[in-house]
Structure formats: C-alpha cells, structure tokens
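Dropping target22.cif in here (mmCIF, C-alpha atoms and all ligand atoms):
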data_target
#
loop_
_atom_site.label_atom_id
_atom_site.label_comp_id
_atom_site.auth_asym_id
_atom_site.auth_seq_id
_atom_site.Cartn_x
_atom_site.Cartn_y
_atom_site.Cartn_z
CA SER A 1 236.76 114.54 97.00
CA ALA A 2 237.14 115.23 100.75
CA HIS A 3 240.67 113.89 100.27
CA LEU A 4 241.35 116.24 97.33
CA ALA A 5 240.00 119.21 99.27
CA GLY A 6 242.22 118.38 102.23
CA GLU A 7 245.26 118.08 99.96
CA ALA A 8 244.43 121.36 98.24
CA GLN A 9 244.15 123.21 101.54
CA ARG A 10 247.42 121.69 102.72
CA ILE A 11 249.23 122.97 99.60
CA LEU A 12 247.93 126.49 100.14
CA ARG A 13 249.05 126.36 103.77
CA ASP A 14 252.48 124.95 102.87
CA ASN A 15 253.06 127.63 100.20
CA ASP A 16 252.04 130.40 102.61
CA THR A 17 255.02 132.58 103.60
CA GLY A 18 252.85 134.32 106.18
CA ARG A 19 252.59 137.45 104.02
CA PHE A 20 251.72 135.97 100.64
CA ILE A 21 251.24 132.55 99.11
CA LYS A 22 253.90 131.44 96.65
CA PRO A 23 252.52 130.09 93.35
CA SER A 24 254.74 127.05 93.94
CA PRO A 25 257.37 126.18 96.55
CA LYS A 26 260.50 126.46 94.35
CA GLN A 27 259.80 127.72 90.82
CA TYR A 28 257.90 130.90 91.76
CA PRO A 29 258.97 132.19 95.20
CA HIS A 30 257.39 135.69 94.97
CA GLN A 31 253.83 137.01 94.67
CA TRP A 32 252.30 136.93 91.19
CA ASN A 33 249.29 139.01 90.26
CA TRP A 34 246.72 136.63 88.76
CA ASP A 35 248.03 133.78 90.87
CA ALA A 36 247.20 135.82 93.99
CA ALA A 37 243.68 136.53 92.71
CA LEU A 38 242.96 132.88 91.88
CA ILE A 39 244.51 131.79 95.17
CA ALA A 40 242.26 134.27 97.03
CA LEU A 41 239.26 132.80 95.22
CA GLY A 42 240.15 129.32 96.49
CA LEU A 43 240.93 130.60 99.98
CA ALA A 44 237.47 132.16 100.05
CA THR A 45 236.01 128.63 100.18
CA PHE A 46 237.49 128.02 103.65
CA ASP A 47 239.35 131.02 105.11
CA LEU A 48 237.94 134.45 104.26
CA GLU A 49 240.40 136.30 106.48
CA ARG A 50 243.38 134.71 104.71
CA ALA A 51 241.75 135.46 101.34
CA ARG A 52 241.42 139.16 102.25
CA ALA A 53 245.06 139.26 103.38
CA GLU A 54 246.19 137.91 99.99
CA VAL A 55 244.33 140.71 98.21
CA ARG A 56 245.82 143.35 100.52
CA THR A 57 249.43 142.22 100.04
CA LEU A 58 249.07 142.14 96.26
CA LEU A 59 247.71 145.69 96.33
CA GLU A 60 250.77 146.83 98.31
CA GLY A 61 252.54 146.54 94.98
CA GLN A 62 250.12 148.85 93.12
CA TRP A 63 251.78 151.66 91.20
CA LYS A 64 250.76 155.28 91.76
CA ASP A 65 249.19 155.37 88.29
CA GLY A 66 246.93 152.42 89.17
CA MET A 67 248.80 149.53 87.54
CA VAL A 68 248.95 146.37 89.62
CA PRO A 69 252.24 144.75 88.59
CA HIS A 70 252.69 141.14 87.59
CA ILE A 71 255.27 140.26 90.26
CA VAL A 72 255.64 141.77 93.75
CA TYR A 73 258.94 140.99 95.51
CA HIS A 74 257.99 141.36 99.18
CA ASP A 75 261.02 139.50 100.51
CA GLY A 76 263.89 140.70 98.29
CA PRO A 77 265.78 138.49 95.84
CA SER A 78 265.69 134.68 95.70
CA ASP A 79 266.96 132.14 93.19
CA TYR A 80 264.21 133.34 90.81
CA PHE A 81 265.19 135.33 87.74
CA PRO A 82 264.34 138.16 86.92
CA THR A 83 265.65 139.45 90.23
CA PRO A 84 263.91 142.56 91.64
CA ASP A 85 266.64 144.96 90.44
CA PHE A 86 266.47 143.65 86.83
CA TRP A 87 263.28 145.60 86.17
CA ARG A 88 264.70 149.00 87.21
CA SER A 89 261.13 149.94 88.10
CA GLU A 90 262.42 152.72 90.34
CA ARG A 91 263.12 154.67 87.13
CA SER A 92 259.38 155.30 86.94
CA ALA A 93 257.95 157.98 89.23
CA ALA A 94 254.83 155.80 89.54
CA ALA A 95 256.62 152.82 91.12
CA PRO A 96 255.72 151.89 94.71
CA SER A 97 258.24 151.42 97.53
CA VAL A 98 258.13 147.60 97.36
CA PRO A 99 260.12 146.21 94.39
CA THR A 100 257.93 144.99 91.52
CA SER A 101 258.05 144.10 87.85
CA GLY A 102 257.08 146.78 85.32
CA LEU A 103 254.39 144.73 83.55
CA THR A 104 250.83 143.86 84.53
CA GLN A 105 248.79 140.62 84.29
CA PRO A 106 245.15 139.63 83.59
CA PRO A 107 242.89 141.42 86.12
CA VAL A 108 241.06 138.59 87.88
CA LEU A 109 241.26 140.42 91.21
CA ALA A 110 237.87 142.21 91.23
CA THR A 111 236.20 138.88 90.46
CA ALA A 112 237.92 137.29 93.45
CA VAL A 113 237.02 140.24 95.67
CA ARG A 114 233.36 139.89 94.72
CA ALA A 115 233.42 136.23 95.78
CA ILE A 116 235.13 137.12 99.06
CA VAL A 117 232.52 139.80 99.77
CA GLU A 118 229.47 137.76 98.76
CA ARG A 119 230.47 134.63 100.65
CA ASP A 120 230.97 136.47 103.93
CA PRO A 121 228.16 135.77 106.41
CA ASP A 122 229.21 138.99 108.20
CA GLN A 123 228.19 141.57 105.59
CA GLY A 124 229.32 144.45 107.81
CA ALA A 125 232.89 143.14 107.83
CA ALA A 126 232.65 142.35 104.11
CA LEU A 127 231.71 145.94 103.25
CA THR A 128 234.50 147.34 105.43
CA PHE A 129 236.98 145.25 103.46
CA LEU A 130 235.37 146.25 100.19
CA ARG A 131 235.61 149.95 101.07
CA GLU A 132 239.31 149.45 101.73
CA VAL A 133 240.09 147.91 98.32
CA TYR A 134 237.38 149.21 95.98
CA GLY A 135 239.16 152.43 94.93
CA LYS A 136 242.32 150.47 94.16
CA LEU A 137 240.48 148.04 91.89
CA LEU A 138 238.75 150.92 90.11
CA ALA A 139 242.11 152.69 89.62
CA TRP A 140 243.63 149.57 88.09
CA HIS A 141 240.81 149.09 85.60
CA ARG A 142 240.93 152.80 84.74
CA TRP A 143 244.68 152.41 84.14
CA PHE A 144 244.02 149.49 81.77
CA TYR A 145 241.76 151.58 79.54
CA ALA A 146 243.99 154.67 79.68
CA ALA A 147 247.40 153.04 79.30
CA ARG A 148 246.63 150.00 77.18
CA ASP A 149 243.74 151.29 75.07
CA PRO A 150 244.40 155.01 74.64
CA GLU A 151 242.60 154.84 71.30
CA GLY A 152 239.38 153.74 73.00
CA SER A 153 238.86 150.58 70.94
CA GLY A 154 237.49 148.68 73.95
CA VAL A 155 240.16 145.97 73.58
CA VAL A 156 243.30 146.33 75.71
CA ALA A 157 246.75 145.75 74.24
CA LEU A 158 249.70 143.94 75.76
CA ILE A 159 253.30 145.13 75.45
CA HIS A 160 254.85 141.81 76.51
CA PRO A 161 253.76 138.16 76.32
CA TRP A 162 254.23 137.91 80.11
CA GLU A 163 251.31 140.32 80.57
CA SER A 164 248.94 137.64 79.27
CA GLY A 165 250.35 135.09 81.70
CA MET A 166 250.55 132.77 78.66
CA ASP A 167 254.18 133.58 77.89
CA ASN A 168 254.95 131.33 74.92
CA SER A 169 251.41 130.88 73.59
CA THR A 170 251.35 129.95 69.91
CA ARG A 171 249.45 133.18 69.27
CA PHE A 172 252.59 135.18 70.10
CA THR A 173 254.93 133.12 67.93
CA GLY A 174 254.55 135.27 64.82
CA ALA A 175 254.96 138.58 66.62
CA LEU A 176 258.00 137.33 68.54
CA ALA A 177 259.61 135.93 65.38
CA ARG A 178 259.41 139.35 63.75
CA LEU A 179 261.52 140.93 66.51
CA THR A 180 265.28 141.26 66.09
CA PRO A 181 266.74 141.40 69.59
CA THR A 182 269.56 143.94 69.90
CA ASP A 183 271.30 145.23 73.04
CA VAL A 184 269.65 142.47 75.06
CA PRO A 185 270.43 142.98 78.77
CA THR A 186 272.82 140.40 80.20
CA PHE A 187 270.79 137.65 81.79
CA ARG A 188 270.99 134.09 82.99
CA ARG A 189 267.84 132.00 82.91
CA ARG A 190 266.94 130.27 86.14
CA ASP A 191 263.56 128.88 85.14
CA GLN A 192 265.08 125.53 84.16
CA GLN A 193 266.59 124.68 87.55
CA HIS A 194 263.42 123.17 88.95
CA VAL A 195 261.53 122.35 85.72
CA ALA A 196 262.71 120.39 82.66
CA ALA A 197 263.88 122.61 79.78
CA ASP A 198 261.48 120.99 77.30
CA GLU A 199 258.54 122.10 79.43
CA ARG A 200 259.68 125.75 79.37
CA PRO A 201 259.86 128.44 76.63
CA VAL A 202 262.59 127.95 74.00
CA ALA A 203 265.74 130.10 74.09
CA GLY A 204 264.67 132.34 71.20
CA ASP A 205 261.42 133.26 72.96
CA TYR A 206 263.12 133.86 76.29
CA GLU A 207 265.73 136.11 74.70
CA ARG A 208 262.92 138.20 73.21
CA PHE A 209 261.20 138.44 76.59
CA MET A 210 264.46 139.93 77.94
CA TYR A 211 264.95 142.19 74.92
CA LEU A 212 261.53 143.78 75.48
CA ILE A 213 262.18 144.31 79.19
CA GLY A 214 265.51 145.94 78.29
CA LEU A 215 263.77 148.45 76.01
CA TYR A 216 260.96 149.24 78.39
CA ARG A 217 263.16 149.85 81.42
CA ASP A 218 265.16 152.30 79.28
CA TRP A 219 261.87 154.08 78.58
CA ARG A 220 261.27 154.28 82.34
CA TRP A 221 258.09 152.22 82.06
CA ASP A 222 256.26 155.31 80.83
CA PRO A 223 252.85 154.07 79.54
CA GLU A 224 252.65 156.64 76.73
CA ALA A 225 256.11 155.81 75.41
CA LEU A 226 255.33 152.11 75.70
CA PHE A 227 252.12 152.29 73.70
CA GLU A 228 253.74 154.48 71.05
CA ARG A 229 257.00 152.60 70.66
CA ALA A 230 256.70 148.99 71.89
CA PRO A 231 257.71 146.66 69.03
CA PHE A 232 255.33 144.07 70.51
CA LEU A 233 251.77 145.41 70.82
CA ILE A 234 248.82 143.05 70.64
CA ARG A 235 245.16 143.75 71.34
CA ASP A 236 244.45 140.71 73.41
CA ALA A 237 241.13 138.85 73.40
CA PHE A 238 242.09 136.93 76.55
CA THR A 239 243.04 139.77 78.90
CA THR A 240 240.17 141.89 77.60
CA ALA A 241 237.65 139.14 78.37
CA ILE A 242 239.00 138.82 81.91
CA LEU A 243 238.85 142.61 82.32
CA HIS A 244 235.28 142.72 81.02
CA ARG A 245 234.11 140.04 83.43
CA ALA A 246 235.97 141.86 86.22
CA ASN A 247 234.13 145.05 85.25
CA GLU A 248 230.80 143.25 85.60
CA ASP A 249 231.89 142.24 89.09
CA LEU A 250 233.21 145.72 89.89
CA LEU A 251 229.88 147.22 88.87
CA GLU A 252 228.08 144.95 91.35
CA LEU A 253 230.56 145.93 94.05
CA ALA A 254 230.10 149.64 93.26
CA THR A 255 226.35 149.21 93.60
CA SER A 256 226.65 147.54 96.99
CA LEU A 257 228.79 150.45 98.22
CA GLY A 258 226.53 153.08 96.68
CA GLU A 259 229.42 154.30 94.50
CA PRO A 260 228.85 155.80 91.03
CA THR A 261 228.62 153.20 88.24
CA GLU A 262 228.64 155.30 85.03
CA GLU A 263 232.35 154.99 84.34
CA ILE A 264 232.28 151.19 84.68
CA ALA A 265 229.13 150.95 82.59
CA GLY A 266 230.97 152.96 79.94
CA TRP A 267 233.85 150.48 79.88
CA LEU A 268 231.42 147.59 79.59
CA ALA A 269 229.71 149.19 76.61
CA ARG A 270 232.99 150.10 74.92
CA THR A 271 234.42 146.60 75.27
CA ARG A 272 231.18 144.93 74.20
CA ALA A 273 231.26 146.97 70.99
CA GLY A 274 235.00 146.60 70.34
CA TYR A 275 235.24 142.91 71.13
CA SER A 276 232.95 141.90 68.29
CA ALA A 277 235.62 143.13 65.85
CA LEU A 278 237.85 140.26 67.05
CA TRP A 279 235.37 137.64 65.84
CA ASP A 280 236.27 135.86 62.59
CA GLU A 281 233.07 134.50 61.12
CA ALA A 282 234.78 132.10 58.69
CA ALA A 283 236.97 130.53 61.38
CA GLY A 284 234.33 130.78 64.11
CA LEU A 285 237.01 132.04 66.51
CA TYR A 286 238.10 135.22 68.25
CA PHE A 287 241.54 136.38 67.13
CA ASP A 288 243.88 138.92 68.75
CA LEU A 289 244.84 141.95 66.70
CA ASP A 290 248.57 142.52 66.26
CA LEU A 291 248.79 146.33 66.10
CA ARG A 292 252.38 146.29 64.86
CA ALA A 293 251.63 143.87 62.01
CA GLY A 294 248.27 145.53 61.43
CA ALA A 295 246.64 142.10 61.14
CA PRO A 296 244.66 139.57 63.15
CA VAL A 297 246.63 136.75 64.75
CA ARG A 298 245.09 133.73 63.09
CA GLU A 299 246.11 131.21 65.76
CA ASP A 300 243.65 128.86 67.42
CA THR A 301 244.29 128.81 71.19
CA CYS A 302 242.31 128.35 74.39
CA ALA A 303 242.09 132.16 74.62
CA THR A 304 239.20 132.15 72.16
CA PHE A 305 236.86 130.53 74.72
CA LEU A 306 237.21 133.35 77.26
CA ALA A 307 234.45 135.24 75.43
CA LEU A 308 232.09 132.75 77.10
CA TYR A 309 233.48 133.51 80.56
CA ALA A 310 232.95 137.23 79.92
CA GLY A 311 229.51 136.90 78.32
CA LEU A 312 230.86 138.64 75.21
CA ALA A 313 229.70 136.03 72.69
CA SER A 314 226.25 136.05 71.09
CA GLU A 315 224.24 132.81 71.34
CA ALA A 316 225.27 131.98 67.77
CA GLN A 317 228.94 132.66 68.44
CA ALA A 318 228.76 130.56 71.61
CA ALA A 319 227.27 127.70 69.59
CA ARG A 320 230.18 127.88 67.13
CA LEU A 321 232.66 127.80 70.03
CA ALA A 322 230.89 124.83 71.63
CA GLU A 323 230.95 123.01 68.31
CA HIS A 324 234.68 123.72 68.07
CA LEU A 325 235.21 122.31 71.56
CA ARG A 326 233.63 119.06 70.36
CA ASP A 327 235.94 118.81 67.34
CA PRO A 328 238.65 116.16 67.97
CA ASP A 329 240.98 117.79 65.43
CA ALA A 330 240.90 120.95 67.52
CA TYR A 331 240.32 120.36 71.25
CA ALA A 332 238.06 117.37 71.97
CA PRO A 333 239.56 114.25 73.53
CA ASP A 334 240.30 111.44 71.05
CA ALA A 335 243.04 108.88 70.47
CA ARG A 336 245.64 111.64 70.60
CA THR A 337 244.59 113.60 73.69
CA ARG A 338 242.45 112.49 76.59
CA PHE A 339 241.70 115.66 78.58
CA TYR A 340 240.14 119.08 78.19
CA LEU A 341 241.41 121.72 77.47
CA PRO A 342 244.67 121.78 75.51
CA SER A 343 246.04 125.36 75.60
CA ALA A 344 246.59 125.34 71.83
CA ALA A 345 244.59 123.54 69.16
CA LYS A 346 245.98 120.14 68.23
CA SER A 347 245.78 121.24 64.60
CA SER A 348 248.29 124.07 65.16
CA PRO A 349 251.69 123.44 63.56
CA TYR A 350 253.16 124.83 66.80
CA PHE A 351 251.29 122.43 69.11
CA GLU A 352 253.69 120.96 71.72
CA PRO A 353 251.86 118.97 74.40
CA ARG A 354 254.40 119.50 77.22
CA ARG A 355 255.82 122.96 76.50
CA TYR A 356 254.21 125.47 78.88
CA TRP A 357 251.44 127.35 76.99
CA ARG A 358 251.78 125.57 73.64
CA GLY A 359 249.53 122.62 74.37
CA PRO A 360 249.39 121.56 78.03
CA VAL A 361 246.17 121.70 80.07
CA TRP A 362 246.06 124.49 82.69
CA LEU A 363 243.52 124.43 85.50
CA ASN A 364 242.85 128.17 85.47
CA ILE A 365 241.84 127.88 81.81
CA ASN A 366 239.59 124.94 82.67
CA TRP A 367 238.01 127.00 85.44
CA PHE A 368 237.36 129.94 83.09
CA LEU A 369 235.91 127.52 80.56
CA VAL A 370 233.59 125.88 83.08
CA GLN A 371 232.23 129.29 84.16
CA GLY A 372 231.72 130.25 80.52
CA LEU A 373 229.98 127.02 79.49
CA ARG A 374 227.62 127.25 82.46
CA ARG A 375 226.86 130.88 81.66
CA TYR A 376 225.68 129.87 78.18
CA GLY A 377 223.84 126.75 79.28
CA TYR A 378 226.29 124.10 78.05
CA ALA A 379 225.95 122.17 81.29
CA ALA A 380 227.03 118.73 80.01
CA LEU A 381 230.18 120.09 78.40
CA ALA A 382 230.95 122.02 81.60
CA GLU A 383 230.59 118.81 83.64
CA ARG A 384 232.95 117.02 81.27
CA VAL A 385 235.59 119.73 81.85
CA VAL A 386 235.08 119.53 85.63
CA ASN A 387 235.48 115.74 85.54
CA ASP A 388 238.63 115.94 83.42
CA THR A 389 240.07 118.52 85.80
CA LEU A 390 239.44 116.40 88.88
CA SER A 391 240.74 113.24 87.26
CA LEU A 392 243.97 115.03 86.22
CA VAL A 393 244.51 116.06 89.83
CA ALA A 394 243.56 112.65 91.23
CA ARG A 395 246.06 110.94 88.93
CA SER A 396 248.92 113.50 88.83
CA GLY A 397 248.57 115.81 91.81
CA PHE A 398 248.34 119.59 91.79
CA ALA A 399 250.73 120.27 88.93
CA GLU A 400 251.30 123.62 87.23
CA TYR A 401 250.08 122.07 83.92
CA TYR A 402 249.45 118.65 82.39
CA ASP A 403 250.26 116.78 79.20
CA PRO A 404 246.86 116.40 77.48
CA ARG A 405 247.90 113.04 75.93
CA ASP A 406 248.26 111.05 79.15
CA GLY A 407 247.54 113.55 81.93
CA SER A 408 251.09 113.37 83.27
CA PRO A 409 252.24 116.34 85.37
CA CYS A 410 254.40 119.13 83.89
CA GLY A 411 256.08 122.25 85.24
CA ALA A 412 256.12 123.02 88.95
CA ARG A 413 254.45 120.73 91.51
CA ASP A 414 252.20 121.66 94.46
CA PHE A 415 250.97 124.58 92.38
CA SER A 416 248.82 126.97 94.40
CA TRP A 417 246.20 128.00 91.83
CA SER A 418 245.63 124.36 90.83
CA ALA A 419 244.84 123.70 94.50
CA ALA A 420 242.71 126.85 94.85
CA LEU A 421 240.64 126.15 91.75
CA VAL A 422 239.99 122.53 92.67
CA LEU A 423 238.50 123.89 95.91
CA GLU A 424 236.34 126.16 93.76
CA LEU A 425 235.22 123.31 91.49
CA LEU A 426 234.48 120.69 94.15
C1 LIG B 1 258.33 133.18 84.25
O1 LIG B 1 259.26 133.46 84.99
O2 LIG B 1 258.42 132.38 83.30
C2 LIG B 1 257.00 133.77 84.49
O3 LIG B 1 256.05 133.24 83.65
C3 LIG B 1 257.06 135.25 84.30
O4 LIG B 1 255.91 135.79 84.84
#
Let me see the structure of the file written as structure tokens.
Amino acid sequence: SAHLAGEAQRILRDNDTGRFIKPSPKQYPHQWNWDAALIALGLATFDLERARAEVRTLLEGQWKDGMVPHIVYHDGPSDYFPTPDFWRSERSAAAPSVPTSGLTQPPVLATAVRAIVERDPDQGAALTFLREVYGKLLAWHRWFYAARDPEGSGVVALIHPWESGMDNSTRFTGALARLTPTDVPTFRRRDQQHVAADERPVAGDYERFMYLIGLYRDWRWDPEALFERAPFLIRDAFTTAILHRANEDLLELATSLGEPTEEIAGWLARTRAGYSALWDEAAGLYFDLDLRAGAPVREDTCATFLALYAGLASEAQAARLAEHLRDPDAYAPDARTRFYLPSAAKSSPYFEPRRYWRGPVWLNINWFLVQGLRRYGYAALAERVVNDTLSLVARSGFAEYYDPRDGSPCGARDFSWSAALVLELL
C-alpha cells in the first residue's frame, strides 16, 4: 500500500499543469469541476497547500450568478472537443472572463473544502482559506436551489446528462431517446482519439449531447429559459444527494466561521422532505423524476446508493439498499462480475460492462458508497468495497473505469481522481 500511495501521488504530480491538475494526461486536458474537488480531497492527504490551490483555480471559473461550471479552460483550446468557443458562454452576462462550459456538475467541492480545513494543523491558516472561499460555495449552492429547483421541491434538476457527470448512464437512455435532434451544431467528436470507441458513448447519445448544447447556447444560458424550455429536465437523485451532503459540510463550515446557518438548514430540511418522494417502496430503490415525461425513471443504477452517502435514507431504506447490494443479479460479485460496484445493475437490458457509465466500475462511486455504508454501520460491506477498489488498482493501475467482469482497465489511464481517492481510502 506504500507503493500504491507513492504511485498515486506521482500521477497527481505528473498531471499537474502548475495551475490545475488534468483529470488525465491526454483525454481530459482542462479543469473539470467534480474532478477538481475529488482531486483536492486526495491532495489534502499529503499537500494541503496544493489542495487549496486546486479549489481556488476551479472557483476562478465561477459565474456571476453563482454557478460553478463543469469545465474551466484556463489554457485555451487543446485537442479536446468541445473547444472553449463551442459553448458561446460569453452570450450570458453571468459568464466569467475565463472561458468555461455553460453546464454545472455535482457539487462535491464544499465536502472537499471541509476536509482541507479540518485536516490542517494550523487552524488559523485554515480559517483564512475558508473565509476566502466560503461565500463562493454558499453562492453556488444557492444557485442550485434557485436555478435548478425553482419550484422548491428539494430535488435539483439537470438540463443535460453531462451535469450528472454520468453522461450515458442507463437512467438517461429513455429521456435521450425521446429527443429528436434538429439543427444540431456542426461538431467533430474527439473523445475517441485516446480511448476505444466501444468504451465511449454511442453516436446517437453524443449527437443529443450536442443538440442540447446548441439549444442552450441559443438561449444564452439563461437559467429561467433553461428550466422552462429544456427538452431534457430530470430531477436527479444523484446530484441532489451530493448537494445535500455538501450542505451538511457547508453548515459545519458556516458554524466554524460564525456565519448564519438558517439558509443552509432550510435547504437541508427541504431536500430531506423532497427526497423521500424519489423512493419506490416496491422496487426498494430511489428513482429520478423525469419532469418532461412526468414519470419516474425506473432504471436501476449506482446512483440509488448515494442516499446512504447523504444520510437521506431511513434505517429501513438503508437495509433494503444493502440487501440489493448483496443480490448477484443486481450488483453483487458472482460468476459474471467480480468487483463492486457496477455503475448499472447487471439485470438492466442496457448493461454494457465496458461502455463508460453503463456498467463499468468507477472509483468515485466506490468512494461515495464506502462513506455511505460506514455512515449506516455496514462496516463489512464497506470493507469489501475498499478491498475491491484496491485490488482493481493493484491489478490494472489508476484507470478511469474498470470492466467489472475481469477488472481490466477502461477509458483514460493515469486518471487523477482514481489516484486521489485511493489516497483517501488507504
Ligand atoms: C466528455 O467529454 O465526454 C465529458 O464527459 C464531458 O464532461
């Protein structure tokens, strides 16, 4: 494990551009939102100053309305597509001076900041840093509730699959299939230069990703127009769980600064109430709500377990989820798969064990799951997930994701958050 830790630190150093850490050397050469947060969490195990710098550079991309975008292009274009100009984010009055995408991503950042602050032996320096970033974190969370839950349901909605970070998850398949792309902006995919095509989203999905961006940039990324008109609008159990957990952390941070806590407490109460509506008692799972279809998304994916990470499940609901984790037809290792946690249930007709978010194991999901299982007292199951995670890395390196059948590496290699989260788990 000293060897793994050394390797993990080396990858983070090698992917460091000096200003930000690339998610991987070739496939993702810019700064991504939840990547940066998870990377900062791993950095906080050995280099607090570098962890703080990663948070600061991500926040340079924050929009004037509070949104923290999903990609920040600090260094101009590269061989990555979408290029900075594709987003036309400058059409929004809220866009910052650095080029960014127009979408957001799951808000892990406040959780990472709490770890950075609490691990610092110099609490004076920690609070100075916290004072610098606290208002920005608060503004982002406020933006989430205002822009993506204007109806006050407590569950935030996504306007694009990329906002979940789980682009081609099986839970978006139905909603994407209902779209008819028209006037799609001209584009050329570049995500298959460094990664095999059968490990990436299919052409029909990718075309719909572009179609949605084309619409939204025409609407100048105006949050009101987006919520009213987006043909893809899904109240997302996954992002909402991450936001809820981040609000718990933000509340602790507010308390240590002596800042008011009522607004955050209000969000926690609203989400706690609204989230329970996502629970399907017959299935024993949390389902997203597709606002455009007016129906729950009855797909079984790893997203359902995030309620544990956020503390949103009752003891009885947690027991159902733990039971589901032990079911070999769903997620448990058996003759067909050998590692926790496939990103989609094996029973799904859409399950594809090497295609991005349709089956492969992702280490950020394993990390969320481990935190959640420990929170509810499922220590043995948590240890099993930790062991699977470390054995995947020992056998296949720090891959972007892994085939759950044999643990072989998929996607990009030398992937920064895989390295960061192994440091967290060791
Ligand atoms: C990609 O380029 O596929 C990324 O997932 C977008 O964030």
Within 8 Å of ligand LIG 1 (chain B), which residues of chain A show up? Give each one with its shortest atom-to-atom distance in Å (one decimal) and the two atoms involved, counting only C-alpha atoms and all ligand atoms, rows by chain then rising residue number, as a Markdown table.
| residue | atom | partner | partner_atom | distance |
| --- | --- | --- | --- | --- |
| A:Tyr28 | CA | B:LIG1 | O1 | 7.4 |
| A:Trp32 | CA | B:LIG1 | O4 | 7.4 |
| A:His70 | CA | B:LIG1 | O4 | 6.8 |
| A:Ile71 | CA | B:LIG1 | O4 | 7.1 |
| A:Tyr80 | CA | B:LIG1 | O1 | 7.6 |
| A:Phe81 | CA | B:LIG1 | O1 | 6.8 |
| A:Pro82 | CA | B:LIG1 | O1 | 7.2 |
| A:Trp162 | CA | B:LIG1 | O4 | 5.4 |
| A:Glu163 | CA | B:LIG1 | O4 | 7.7 |
| A:Gly165 | CA | B:LIG1 | O3 | 6.3 |
| A:Met166 | CA | B:LIG1 | O3 | 7.4 |
| A:Asp167 | CA | B:LIG1 | O3 | 6.1 |
| A:Asp191 | CA | B:LIG1 | O1 | 6.3 |
| A:Arg200 | CA | B:LIG1 | O2 | 7.8 |
| A:Pro201 | CA | B:LIG1 | O2 | 7.9 |
>> Can you pull out the residues contacting segment 85-96 of chain A? Cut-off 7 Å, using all atoms listed in the file, and skip same-chain residues under 4 positions away; I want them as a PyMOL selection string.
In response: chain A and resi 61-65+100-102+217+220-222
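The shortest atom-to-atom distance to Lys136 of chain A, with all atoms listed in the file taken into account, belongs to A:Gly66 out of A:Pro353, A:Gly377, A:Pro23, A:Gly66.
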Write out as CSV the residues of segment 347-415 of chain A that have any atom within 12 Å of an atom of segment 243-259 of chain A, one row each with the nearest atom pair and its distance in Å to one decimal, counting only C-alpha atoms, sorted by chain and then rising number.
residue,atom,partner,partner_atom,distance
A:Phe368,CA,A:Arg245,CA,10.6
A:Gln371,CA,A:Arg245,CA,10.9
A:Gly372,CA,A:Arg245,CA,10.5
A:Arg375,CA,A:Arg245,CA,11.8
Tell me, counting all atoms listed in the file, for each residue of segment 49-164 of chain A within 10 Å of segment 168-182 of chain A, which pair of atoms is nearest and how far apart they are in Å to one decimal, in rows ordered by chain and increasing number, as CSV.
residue,atom,partner,partner_atom,distance
A:His160,CA,A:Phe172,CA,9.5
A:Pro161,CA,A:Phe172,CA,7.0
A:Trp162,CA,A:Asn168,CA,8.4
A:Ser164,CA,A:Ser169,CA,9.2
> Got a sec: who's within 10 Å of segment 11-19 of chain A, counting all atoms listed in the file, leaving out chain neighbours fewer than 6 positions off, as a PyMOL selection string?
Replying inline: chain A and resi 5+25-26+29-31+39+42-43+50+53-54+56-58+74-75+398+413-420
Test item: residues at most 9 Å from Ala345 of chain A, all atoms listed in the file, excluding those fewer than 6 positions along its chain, as a CSV table (one decimal) with C-alpha atoms, in the coordinates of the input:
chain,number,residue,atom,x,y,z
A,299,GLU,CA,246.1,131.2,65.8
A,300,ASP,CA,243.6,128.9,67.4
A,301,THR,CA,244.3,128.8,71.2
A,302,CYS,CA,242.3,128.4,74.4
A,329,ASP,CA,241.0,117.8,65.4
A,330,ALA,CA,240.9,121.0,67.5
A,331,TYR,CA,240.3,120.4,71.2
A,351,PHE,CA,251.3,122.4,69.1
A,358,ARG,CA,251.8,125.6,73.6
A,359,GLY,CA,249.5,122.6,74.4
>> Set the distance at 8 Å and use all atoms listed in the file: which residues neighbour Gly411 of chain A once local chain neighbours fewer than 6 positions away are removed? I'd like the list as a count of residues only.
In response: 8
Need to verify the contact set: Gln317 of chain A, 9 Å, all atoms listed in the file, exclusion of same-chain residues closer than 3 positions in sequence. Can you return it as an mmCIF file with C-alpha atoms, in the coordinates of the input?
data_model
loop_
_atom_site.group_PDB
_atom_site.id
_atom_site.type_symbol
_atom_site.label_atom_id
_atom_site.label_comp_id
_atom_site.auth_asym_id
_atom_site.auth_seq_id
_atom_site.Cartn_x
_atom_site.Cartn_y
_atom_site.Cartn_z
ATOM 1 C CA TRP A 279 235.370 137.640 65.840
ATOM 2 C CA GLU A 281 233.070 134.500 61.120
ATOM 3 C CA GLY A 284 234.330 130.780 64.110
ATOM 4 C CA LEU A 285 237.010 132.040 66.510
ATOM 5 C CA ALA A 313 229.700 136.030 72.690
ATOM 6 C CA SER A 314 226.250 136.050 71.090
ATOM 7 C CA ARG A 320 230.180 127.880 67.130
ATOM 8 C CA LEU A 321 232.660 127.800 70.030
ATOM 9 C CA ALA A 322 230.890 124.830 71.630
#
